[in-house]
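Colleague: What follows is the file entry10.txt, containing compact mmCIF, C-alpha atoms and all ligand atoms:
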```txt
# COMPACT_ATOMS: atom_id res chain seq x y z
CA MET A 104 107.30 87.25 93.86
CA LYS A 105 105.74 88.27 97.13
CA ILE A 106 103.95 91.61 97.09
CA ALA A 107 102.09 93.50 99.84
CA PHE A 108 99.67 96.39 99.51
CA VAL A 109 99.56 98.55 102.64
CA GLY A 110 98.28 102.01 103.44
CA LYS A 111 95.80 104.02 105.41
CA GLY A 112 92.23 102.73 105.78
CA GLY A 113 90.24 103.62 102.68
CA SER A 114 93.32 104.58 100.64
CA GLY A 115 92.60 101.93 98.01
CA LYS A 116 94.65 98.89 99.10
CA THR A 117 91.91 96.44 98.19
CA THR A 118 91.00 98.19 94.95
CA LEU A 119 94.59 98.33 93.74
CA SER A 120 95.56 94.84 94.90
CA ALA A 121 92.49 93.38 93.17
CA LEU A 122 93.29 95.30 89.99
CA PHE A 123 96.92 94.21 90.10
CA ILE A 124 95.84 90.59 90.58
CA ARG A 125 93.53 90.86 87.57
CA HIS A 126 96.28 92.49 85.52
CA LEU A 127 98.70 89.65 86.32
CA ALA A 128 96.04 87.03 85.57
CA ALA A 129 95.36 88.75 82.24
CA ALA A 130 99.04 88.32 81.39
CA GLY A 131 98.69 84.58 82.09
CA ARG A 132 100.75 84.71 85.27
CA PRO A 133 99.96 82.36 88.17
CA VAL A 134 98.70 84.33 91.19
CA ILE A 135 97.80 83.58 94.78
CA ALA A 136 95.72 86.35 96.32
CA VAL A 137 95.87 86.71 100.10
CA ASP A 138 93.49 88.78 102.18
CA ALA A 139 95.30 89.67 105.41
CA ASP A 140 93.44 92.89 106.14
CA ILE A 141 91.28 93.52 109.18
CA ASN A 142 88.50 94.35 106.76
CA GLN A 143 88.18 91.28 104.58
CA HIS A 144 87.21 92.76 101.25
CA LEU A 145 89.50 91.17 98.69
CA GLY A 146 87.12 88.33 97.77
CA PRO A 147 84.26 90.68 96.86
CA ALA A 148 86.74 92.97 95.08
CA LEU A 149 87.64 89.97 92.90
CA GLY A 150 83.98 89.45 92.10
CA LEU A 151 82.77 87.03 94.79
CA THR A 152 79.32 87.61 96.21
CA ASP A 153 79.18 88.42 99.92
CA GLY A 154 77.82 84.93 100.52
CA GLN A 155 80.69 83.29 98.66
CA ALA A 156 83.20 85.47 100.52
CA ALA A 157 81.68 84.62 103.89
CA ALA A 158 81.96 80.91 103.08
CA LEU A 159 85.72 81.05 102.40
CA PRO A 160 87.76 78.89 104.77
CA ALA A 161 89.91 81.00 107.11
CA LEU A 162 93.63 80.31 107.41
CA GLY A 163 93.43 81.24 111.09
CA ALA A 164 90.99 78.38 111.70
CA HIS A 165 93.35 75.75 110.25
CA LEU A 166 96.65 76.54 111.91
CA PRO A 167 97.25 73.07 113.41
CA GLN A 168 96.83 71.35 110.01
CA ILE A 169 98.96 73.97 108.28
CA LYS A 170 101.74 73.58 110.83
CA ASP A 171 101.60 69.82 110.73
CA TYR A 172 101.97 69.83 106.96
CA LEU A 173 104.80 72.37 106.90
CA ARG A 174 106.91 70.76 109.58
CA GLY A 175 107.06 67.55 107.52
CA SER A 176 109.93 65.46 108.84
CA ASN A 177 111.94 68.37 110.24
CA PRO A 178 113.61 66.78 113.28
CA ARG A 179 113.89 70.16 115.02
CA ILE A 180 110.09 70.48 115.27
CA ALA A 181 108.70 67.63 117.33
CA SER A 182 105.00 68.43 116.85
CA GLU A 183 102.68 71.10 115.55
CA GLU A 184 102.05 72.16 119.17
CA VAL A 185 105.58 73.52 119.50
CA MET A 186 105.52 75.17 116.09
CA ILE A 187 104.79 78.89 116.41
CA LYS A 188 104.01 81.36 113.65
CA THR A 189 107.68 82.27 113.30
CA THR A 190 109.19 78.76 113.41
CA PRO A 191 111.45 78.85 110.35
CA PRO A 192 111.72 76.04 107.83
CA GLY A 193 114.68 73.70 107.97
CA THR A 194 115.86 70.42 106.51
CA GLY A 195 112.85 68.11 106.32
CA SER A 196 110.27 70.91 106.26
CA ARG A 197 107.70 70.90 103.50
CA LEU A 198 107.82 73.94 101.25
CA LEU A 199 104.99 75.46 99.26
CA ARG A 200 105.01 76.47 95.59
CA ILE A 201 102.73 78.99 93.95
CA VAL A 202 101.63 76.47 91.34
CA GLU A 203 100.98 73.07 92.87
CA GLU A 204 98.34 71.09 94.70
CA ASN A 205 98.96 70.53 98.39
CA PRO A 206 96.82 69.90 101.48
CA VAL A 207 97.13 73.54 102.63
CA TYR A 208 95.64 74.85 99.39
CA ALA A 209 93.07 72.04 99.33
CA THR A 210 91.85 73.07 102.78
CA CYS A 211 92.28 76.83 102.71
CA ALA A 212 92.55 78.15 99.14
CA ARG A 213 89.61 78.64 96.81
CA PRO A 214 89.81 79.32 93.08
CA VAL A 215 88.29 82.60 91.97
CA ALA A 216 87.32 82.75 88.31
CA LEU A 217 88.07 86.11 86.73
CA ASP A 218 87.38 87.20 83.17
CA GLU A 219 91.14 87.16 82.78
CA GLY A 220 91.76 83.68 84.19
CA SER A 221 91.61 82.01 87.56
CA VAL A 222 93.55 82.83 90.74
CA ARG A 223 93.71 81.19 94.12
CA LEU A 224 92.42 83.11 97.13
CA LEU A 225 93.50 82.62 100.74
CA VAL A 226 91.97 84.63 103.56
CA THR A 227 93.06 85.04 107.17
CA GLY A 228 89.46 85.31 108.34
CA ALA A 229 87.75 88.35 109.79
CA PHE A 230 89.16 89.92 112.92
CA THR A 231 86.79 90.83 115.66
CA GLU A 232 87.27 93.74 118.07
CA GLU A 233 88.43 91.22 120.65
CA ASP A 234 91.16 89.87 118.38
CA LEU A 235 92.92 93.18 118.06
CA GLY A 236 96.05 93.50 120.09
CA VAL A 237 95.92 89.97 121.45
CA ALA A 238 97.54 86.71 120.42
CA CYS A 239 94.52 85.57 118.42
CA TYR A 240 94.78 88.46 116.05
CA HIS A 241 98.43 87.79 115.49
CA SER A 242 97.83 84.11 114.99
CA LYS A 243 95.46 84.92 112.15
CA VAL A 244 98.07 87.04 110.44
CA GLY A 245 100.66 84.55 111.69
CA ALA A 246 99.31 81.95 109.29
CA VAL A 247 100.36 84.22 106.43
CA GLU A 248 103.81 84.67 107.95
CA LEU A 249 104.19 80.89 108.19
CA LEU A 250 103.16 80.41 104.57
CA LEU A 251 105.54 83.10 103.32
CA ASN A 252 108.41 81.63 105.31
CA HIS A 253 107.82 78.30 103.58
CA LEU A 254 107.11 79.60 100.08
CA VAL A 255 109.36 78.87 97.12
CA ASP A 256 108.42 81.34 94.43
CA GLY A 257 110.17 82.29 91.24
CA ALA A 258 110.00 85.19 88.82
CA ASP A 259 106.76 85.26 86.82
CA GLU A 260 104.61 83.88 89.63
CA TYR A 261 103.06 86.00 92.30
CA LEU A 262 101.54 86.12 95.74
CA VAL A 263 99.69 89.40 96.28
CA THR A 264 98.61 90.32 99.81
CA ASP A 265 96.05 92.93 100.81
CA MET A 266 97.52 93.88 104.19
CA THR A 267 96.48 95.85 107.16
CA ALA A 268 98.57 98.93 107.89
CA GLY A 269 99.58 100.54 111.13
CA SER A 270 101.46 99.29 114.10
CA ASP A 271 99.78 95.88 114.19
CA SER A 272 101.72 94.87 111.07
CA PHE A 273 104.94 95.46 112.93
CA ALA A 274 104.16 93.24 115.91
CA SER A 275 105.27 90.32 113.76
CA GLY A 276 107.88 89.87 111.08
CA LEU A 277 105.27 89.77 108.33
CA PHE A 278 106.20 93.19 106.97
CA THR A 279 109.70 91.89 106.11
CA ARG A 280 108.47 88.90 104.08
CA PHE A 281 107.80 90.62 100.76
CA ASP A 282 109.94 91.28 97.72
CA LEU A 283 108.12 94.56 97.36
CA THR A 284 105.70 96.53 99.53
CA PHE A 285 103.39 98.96 97.78
CA LEU A 286 102.15 101.69 100.07
CA VAL A 287 98.95 103.21 98.70
CA ALA A 288 98.65 106.89 99.59
CA GLU A 289 96.04 109.46 98.80
CA PRO A 290 97.47 112.94 98.26
CA THR A 291 96.58 114.08 101.75
CA ARG A 292 98.55 114.66 104.94
CA LYS A 293 97.03 111.60 106.59
CA GLY A 294 97.81 109.41 103.61
CA VAL A 295 101.41 110.49 103.73
CA SER A 296 101.74 110.14 107.51
CA VAL A 297 101.16 106.38 107.25
CA TYR A 298 103.99 106.30 104.73
CA ARG A 299 106.35 108.01 107.21
CA GLN A 300 105.46 105.58 109.97
CA TYR A 301 105.94 102.59 107.66
CA LYS A 302 109.22 103.90 106.34
CA GLU A 303 110.54 104.33 109.85
CA TYR A 304 109.78 100.74 110.86
CA ALA A 305 110.88 99.31 107.56
CA ARG A 306 114.23 101.07 107.39
CA ASP A 307 116.10 98.79 109.78
CA PHE A 308 115.00 95.71 107.86
CA GLY A 309 115.78 96.84 104.34
CA VAL A 310 112.14 96.55 103.29
CA ALA A 311 111.68 97.54 99.65
CA LEU A 312 108.93 100.14 99.87
CA ARG A 313 107.38 102.07 96.98
CA VAL A 314 104.50 104.48 97.15
CA ILE A 315 101.56 104.39 94.76
CA GLY A 316 99.59 107.61 94.80
CA ASN A 317 95.87 106.93 94.52
CA LYS A 318 92.81 109.01 93.64
CA VAL A 319 95.17 111.56 92.18
CA GLN A 320 93.16 114.23 90.39
CA SER A 321 95.54 116.95 89.36
CA ALA A 322 99.11 118.05 88.80
CA ASP A 323 98.93 119.66 92.24
CA ASP A 324 98.05 116.31 93.82
CA LEU A 325 101.02 114.74 92.13
CA ALA A 326 103.32 117.58 93.15
CA PHE A 327 102.15 117.19 96.76
CA LEU A 328 103.01 113.50 96.76
CA ARG A 329 106.36 114.08 95.11
CA ARG A 330 107.23 116.72 97.68
CA GLU A 331 106.20 114.56 100.66
CA VAL A 332 107.44 111.17 99.49
CA GLY A 333 110.34 112.01 97.21
CA ASP A 334 111.95 109.19 95.27
CA ASP A 335 109.85 106.55 97.02
CA LEU A 336 106.94 107.67 94.85
CA LEU A 337 106.72 105.08 92.09
CA THR A 338 103.60 106.13 90.26
CA ALA A 339 100.11 107.49 90.69
CA PHE A 340 96.74 105.97 89.94
CA GLY A 341 94.09 108.51 89.03
CA GLN A 342 90.63 109.09 90.37
CA SER A 343 88.82 106.50 88.25
CA ASP A 344 85.31 106.44 86.79
CA TRP A 345 85.92 102.76 86.04
CA VAL A 346 86.48 102.06 89.76
CA ARG A 347 83.40 104.11 90.59
CA ARG A 348 81.29 102.07 88.15
CA LEU A 349 82.63 98.89 89.74
CA GLU A 350 81.63 100.25 93.12
CA GLN A 351 78.16 100.93 91.75
CA GLY A 352 77.73 97.27 90.91
CA ALA A 353 78.65 97.24 87.23
CA GLU A 354 81.20 94.68 86.10
CA PRO A 355 83.41 96.59 83.68
CA GLY A 356 86.08 94.53 81.95
CA LEU A 357 89.71 95.21 82.70
CA ALA A 358 90.20 96.18 79.06
CA GLU A 359 87.92 99.18 79.67
CA LEU A 360 90.05 100.58 82.52
CA GLU A 361 91.39 104.04 81.69
CA PRO A 362 94.61 103.55 79.64
CA ALA A 363 96.67 105.69 82.04
CA ASN A 364 95.56 103.55 84.99
CA ARG A 365 96.16 100.34 83.08
CA ALA A 366 99.67 101.62 82.37
CA VAL A 367 100.16 102.06 86.13
CA LEU A 368 99.32 98.38 86.66
CA GLU A 369 101.86 97.44 84.03
CA GLN A 370 104.43 99.65 85.72
CA LEU A 371 103.80 97.83 89.00
CA ARG A 372 104.38 94.50 87.27
CA ALA A 373 107.63 95.68 85.72
CA THR A 374 108.81 97.02 89.09
CA VAL A 375 108.01 93.73 90.79
CA ASP A 376 109.78 91.77 88.09
CA ASP A 377 112.87 93.94 88.46
CA ALA A 378 112.90 93.23 92.20
CA PHE A 379 113.67 89.56 91.55
CA ALA A 380 117.32 90.35 90.99
CA GLY A 381 117.53 91.92 94.45
CA ARG A 382 116.54 88.78 96.30
CA ASP A 383 118.80 87.60 99.07
CA PRO A 384 117.76 84.20 100.45
CA ARG A 385 120.34 84.38 103.24
CA ARG A 386 118.98 87.69 104.48
CA TYR A 387 115.41 86.40 104.18
CA ALA A 388 116.28 83.40 106.33
CA ASP A 389 118.23 85.50 108.85
CA GLN A 390 115.29 87.87 109.32
CA ALA A 391 112.93 84.92 109.86
CA VAL A 392 115.30 83.69 112.56
CA HIS A 393 115.52 87.16 114.09
CA PHE A 394 111.74 87.39 114.54
CA HIS A 395 111.55 83.78 115.68
CA LEU A 396 114.04 84.37 118.47
CA ARG A 397 112.23 87.55 119.49
CA ASN A 398 108.90 85.73 119.67
CA ALA A 399 110.50 82.78 121.45
CA GLU A 400 111.85 85.02 124.18
CA SER A 401 108.80 87.21 124.59
CA TRP A 402 106.15 84.43 124.78
CA GLY A 403 106.96 81.32 122.74
CA ASN A 404 109.33 79.56 125.14
CA ALA A 405 106.95 80.12 128.03
CA ARG A 406 103.97 78.92 125.99
CA THR A 407 105.60 75.74 124.69
CA GLY A 408 107.90 74.95 127.62
CA ILE A 409 110.91 74.39 125.38
CA ASP A 410 113.74 76.51 124.02
CA LEU A 411 112.46 77.44 120.59
CA ALA A 412 115.92 78.63 119.54
CA ASP A 413 116.66 74.93 118.96
CA GLN A 414 114.24 74.99 116.02
CA VAL A 415 116.63 77.13 113.99
CA ASP A 416 118.44 75.25 111.23
CA PRO A 417 121.37 77.63 110.74
CA GLU A 418 122.38 76.43 107.28
CA PHE A 419 118.91 76.47 105.75
CA THR A 420 117.80 78.95 103.10
CA LEU A 421 114.84 78.73 100.76
CA PRO A 422 115.75 77.62 97.26
CA VAL A 423 115.21 80.26 94.58
CA PRO A 424 113.94 78.81 91.33
CA GLY A 425 116.34 79.96 88.66
CA GLY A 426 115.30 81.77 85.53
CA ARG A 427 111.78 82.30 84.38
CA VAL A 428 109.02 79.86 85.17
CA ALA A 429 107.36 78.31 82.14
CA ARG A 430 103.73 79.36 81.86
CA GLY A 431 101.17 76.67 82.50
CA GLN A 432 103.67 74.33 84.06
CA ALA A 433 102.06 72.13 86.68
CA THR A 434 104.88 72.41 89.17
CA VAL A 435 107.77 74.75 89.58
CA GLY A 436 111.18 73.22 89.13
CA VAL A 437 113.55 74.15 91.94
N1 LIG B 1 91.43 105.29 92.02
C1 LIG B 1 90.19 105.31 92.54
N2 LIG B 1 89.20 106.01 91.93
C2 LIG B 1 87.96 106.07 92.45
N3 LIG B 1 87.60 105.47 93.58
C3 LIG B 1 88.53 104.76 94.24
C4 LIG B 1 89.88 104.64 93.76
N4 LIG B 1 90.57 103.86 94.62
C5 LIG B 1 89.72 103.50 95.58
N5 LIG B 1 88.49 104.05 95.38
C6 LIG B 1 87.31 103.92 96.25
O1 LIG B 1 87.71 104.27 97.58
C7 LIG B 1 87.08 103.44 98.53
C8 LIG B 1 88.14 102.76 99.39
O2 LIG B 1 88.88 101.88 98.57
P1 LIG B 1 89.40 100.47 99.12
O3 LIG B 1 88.29 99.72 99.76
O4 LIG B 1 90.14 99.82 98.02
O5 LIG B 1 90.41 100.97 100.24
P2 LIG B 1 91.16 100.13 101.36
O6 LIG B 1 92.44 100.82 101.61
O7 LIG B 1 91.21 98.71 100.99
O8 LIG B 1 90.15 100.34 102.57
P3 LIG B 1 90.09 99.50 103.95
O9 LIG B 1 91.15 100.08 104.80
O10 LIG B 1 88.70 99.81 104.44
O11 LIG B 1 90.30 98.07 103.63
C9 LIG B 1 86.22 102.48 97.75
O12 LIG B 1 84.92 102.98 97.69
C10 LIG B 1 86.83 102.49 96.36
O13 LIG B 1 85.92 102.20 95.35
MG MG B 2 90.57 97.02 102.04
```
For this file, write the structure as structure tokens.

Modeller:
Amino acid sequence: MKIAFVGKGGSGKTTLSALFIRHLAAAGRPVIAVDADINQHLGPALGLTDGQAAALPALGAHLPQIKDYLRGSNPRIASEEVMIKTTPPGTGSRLLRIVEENPVYATCARPVALDEGSVRLLVTGAFTEEDLGVACYHSKVGAVELLLNHLVDGADEYLVTDMTAGSDSFASGLFTRFDLTFLVAEPTRKGVSVYRQYKEYARDFGVALRVIGNKVQSADDLAFLRREVGDDLLTAFGQSDWVRRLEQGAEPGLAELEPANRAVLEQLRATVDDAFAGRDPRRYADQAVHFHLRNAESWGNARTGIDLADQVDPEFTLPVPGGRVARGQATVGV
């Protein structure tokens, strides 16, 4: 299950994605954590020291190796040089599983030990001012789009992404690659305005979007969110002393999180698990092709000197592992 956390800067994307990752790990579920935010904070939020976080390998720095691995023996992709971030998988491509060893994880993923178990962490790498709005920036996030387009994931296994919000997310197809997008909103007008913008973009692509209120302190806060967001409001996480203690450098166990907030995490898990039934591999593949053709026309064909539309394998869809994945299994049966 592919999950994104988006929202206004400072709304609590990193806090809630890290908590959700820990909650899943505590339930024994396999998790890949992905930091795709401009501000790379997920590693520290999962307990890494700043030094450890700074030493993480960046996906954006390994694009050629990633592309070379993923293209495998796909005859439609002659080399990694002509593979762009949106090149969709086809017959012969190598696919990724949440639970497996592969050269991409060996190079780019690092295990993070939590009290609750261990997860894998992938990071895009920090964006500099200069990256914003130019191809570089998108190639960093593009690595995540490539991975998601090649990922075979079943129910009971998760990839959780701490995303950047705002119009930069919409320059690529990344925002359409998730089974569920959680928009974190504080009960303020600004918090809700990001929701409106996201909703507008997402509507045409059938993106499953649910709002998580955060730092909610009162019935009035909740009423405000309900009024502004309507049925898209899934739940609300309260202003939390536990989170504050974490921020102050203590390392409180997940078991000590306020019961109402822990229940919110469980509600998120249940909502994600319910979304499995709504998967449509054909639509997922068609949207990948849509963004690929758009990128091909706007810059890809000119950059590579070939017609990138020829990379599309029209019959191909990602396999969906059936049923529930056995816990602790080394590989996922497809
Ligand atoms: N429910 C909460 N209760 C108390 N404090 C919270 C809560 N959620 C988040 N915070 C605090 O709010 C601040 C911003 O949270 P966080 O870093 O998770 O936001 P973000 O959306 O990831 O921000 P950025 O856009 O900078 O990445 C942090 O200091 C965090 O500890
Ligand atoms: Mg953050």

Colleague: Write out as a list in words each polymer residue (protein, DNA or RNA) that has an atom no more than 10 Å from ligand MG 2 (chain B), with only C-alpha atoms and all ligand atoms counted.

Modeller: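 Counting only C-alpha atoms and all ligand atoms, the residues within 10 Å of ligand MG 2 (chain B) come out as Phe108, Val109, Gly110, Lys111, Gly112, Gly113, Ser114, Gly115, Lys116, Thr117, Thr118, Leu119, Ser120, Ala121, Asp138, Ala139, Asp140, Ile141, Asn142, Gln143, His144, Leu145, Ala148, Asp265, Met266 and Thr267 of chain A.
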
Colleague: Need to verify the contact set: Phe419 in chain A, 12 Å, only C-alpha atoms, exclusion of same-chain residues closer than 6 positions in sequence. Can you return it as a ChimeraX atom specification?

Modeller: /A:177,191-196,252-253,384-389,391-392

Colleague: Smallest atom-to-atom distance to ligand LIG 1 (chain B): which of A:Thr227, A:Ser221, A:Ser343, A:Gln168, using all atoms listed in the file?

Modeller: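 Closest to ligand LIG 1 (chain B), using all atoms listed in the file: A:Ser343.
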
Colleague: Choose the residue, out of A:Leu254, A:Ile315, A:Arg223, A:Val244, that has the smallest atom-to-atom separation from Leu173 in chain A; count all atoms listed in the file.

Modeller: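 Among A:Leu254, A:Ile315, A:Arg223, A:Val244, it is A:Leu254 that comes nearest to Leu173 in chain A.
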
Colleague: Using all atoms listed in the file, what does the table of range 241-284 of chain A residues within 8 Å of range 159-163 of chain A look like, with each row giving the shortest atom pair and its distance in Å to one decimal, sorted by chain and ascending number, as a Markdown table?

Modeller:
```
| residue | atom | partner | partner_atom | distance |
| --- | --- | --- | --- | --- |
| A:Ser242 | CA | A:Gly163 | CA | 6.5 |
| A:Lys243 | CA | A:Gly163 | CA | 4.3 |
| A:Val244 | CA | A:Gly163 | CA | 7.5 |
| A:Gly245 | CA | A:Gly163 | CA | 8.0 |
| A:Ala246 | CA | A:Gly163 | CA | 6.2 |
| A:Val247 | CA | A:Leu162 | CA | 7.8 |
```

Colleague: Nearest to ligand LIG 1 (chain B): which of A:Asp323, A:Asp335, A:Glu350, A:Glu204 is it, counting only C-alpha atoms and all ligand atoms?

Modeller: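 Selected residue with least distance to ligand LIG 1 (chain B): A:Glu350.
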
Colleague: Could you name the residues that touch Asp377 in chain A at 12 Å or less, counting all atoms listed in the file, but leaving out those on the same chain fewer than 4 positions away, as number ranges by chain?

Modeller: A: 104, 258-259, 282-283, 311, 370-373, 381-382

Colleague: Within 12 Å of Asn398 in chain A, counting only C-alpha atoms, which residues qualify if same-chain residues fewer than 2 places away don't, as an MDAnalysis selection string?

Modeller: chainID A and resid 186:191 238 241 245 274:276 391:396 400:407 410:412

Colleague: Kindly extract all protein, DNA and RNA residues lying within 8 Å of the coordinates (103.6, 69.5, 111.9) given in the file, considering all atoms listed in the file, and supply them as a compact mmCIF listing (two decimals) with C-alpha atoms, in the coordinates of the input.

Modeller:
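The resulting file, result20.txt, is shown below:
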```
# COMPACT_ATOMS: atom_id res chain seq x y z
CA PRO A 167 97.25 73.07 113.41
CA GLN A 168 96.83 71.35 110.01
CA ILE A 169 98.96 73.97 108.28
CA LYS A 170 101.74 73.58 110.83
CA ASP A 171 101.60 69.82 110.73
CA TYR A 172 101.97 69.83 106.96
CA LEU A 173 104.80 72.37 106.90
CA ARG A 174 106.91 70.76 109.58
CA GLY A 175 107.06 67.55 107.52
CA ILE A 180 110.09 70.48 115.27
CA ALA A 181 108.70 67.63 117.33
CA SER A 182 105.00 68.43 116.85
CA GLU A 183 102.68 71.10 115.55
CA GLU A 184 102.05 72.16 119.17
CA MET A 186 105.52 75.17 116.09
```

Colleague: Would you work out the distance separating CA of Leu312 in chain A from CA of Leu286 in chain A, expressed in Å to one decimal?

Modeller: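 Spanning CA of Leu312 in chain A to CA of Leu286 in chain A is a straight-line distance of 7.0 Å.
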
Colleague: Choose the residue, out of A:Pro214, A:Gly341, A:Gly316, A:Gly257, that has the smallest atom-to-atom separation from Thr291 in chain A; count all atoms listed in the file.

Modeller: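 Looking only at the distances to Thr291 in chain A, the closest residue turns out to be A:Gly316.
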
Colleague: Where's the centre, and what are the edge lengths in Å to one decimal, of a box along x, y and z enclosing all listed atoms of ligand LIG 1 (chain B) padded 8 Å per side, as lines of an AutoDock Vina configuration file?

Modeller:
```
center_x = 88.7
center_y = 102.1
center_z = 98.4
size_x = 23.5
size_y = 24.0
size_z = 28.9
```

Colleague: Using CA of Val297 in chain A and atom O9 of ligand LIG 1 (chain B) as the two end points, give the distance in Å to one decimal.

Modeller: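 Computing the Euclidean distance for CA of Val297 in chain A and atom O9 of ligand LIG 1 (chain B) yields 12.1 Å.
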
Colleague: For a test of reading the model, state the distance in Å between CA of Gly150 in chain A and CA of Glu354 in chain A, rounded to one decimal.

Modeller: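 Value for the CA of Gly150 in chain A-CA of Glu354 in chain A distance: 8.4 Å.
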
Colleague: Counting all atoms listed in the file, which residue out of A:Cys211, A:Ala358, A:Ala158, A:Val287 sits closest to ligand LIG 1 (chain B)?

Modeller: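 Looking at the shortest contact to ligand LIG 1 (chain B), the residue is A:Val287.
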
Colleague: Near range 362-367 of chain A, within 8 Å and counting only C-alpha atoms, which residues show up once chain neighbours fewer than 5 positions away are dropped, as a ChimeraX atom specification?

Modeller: /A:338-341
